[in-house]
Amino acid sequence: MREHATGGRPKGMSREELLALPVAVDLDTGNRALGLGRSKGYELAKRGAYPCKVLRLGNAYRVVTADLLDLLGLAA
């Protein structure tokens, strides 16, 4: 995990980290990959406006990794 130069907070994900993701990831991981804050990511998911496909499984959101990679230009 990369660290932000001003603090130790993670900033985004490396290409290698993105390509190693499972078929679907939790919303926090999707947010991190897209550089979205937690609140903004959940707001977009609730409104159905998240920039890639999100599945709602009970109370949890899952981001489809293939759509995430395609959005980021890393589709295999």
# chains A, B, ... in the order shown; residues from 1 in each chain; ligands from 1
>>> residues_around(residues="A:Leu71", least_positions_apart="5", cutoff="9 Å", atoms="only C-alpha atoms", output="count of residues only")
3
>>> select_by_dssp(residues="chain A", states="strand (DSSP E)", output="MDAnalysis selection string")
chainID A and resid 24:26 54:57 60:64
>>> closest_residue(among="A:Leu57, A:Leu72, A:Val23, A:Val63", to="A:Gly41", atoms="only C-alpha atoms")
A:Val63
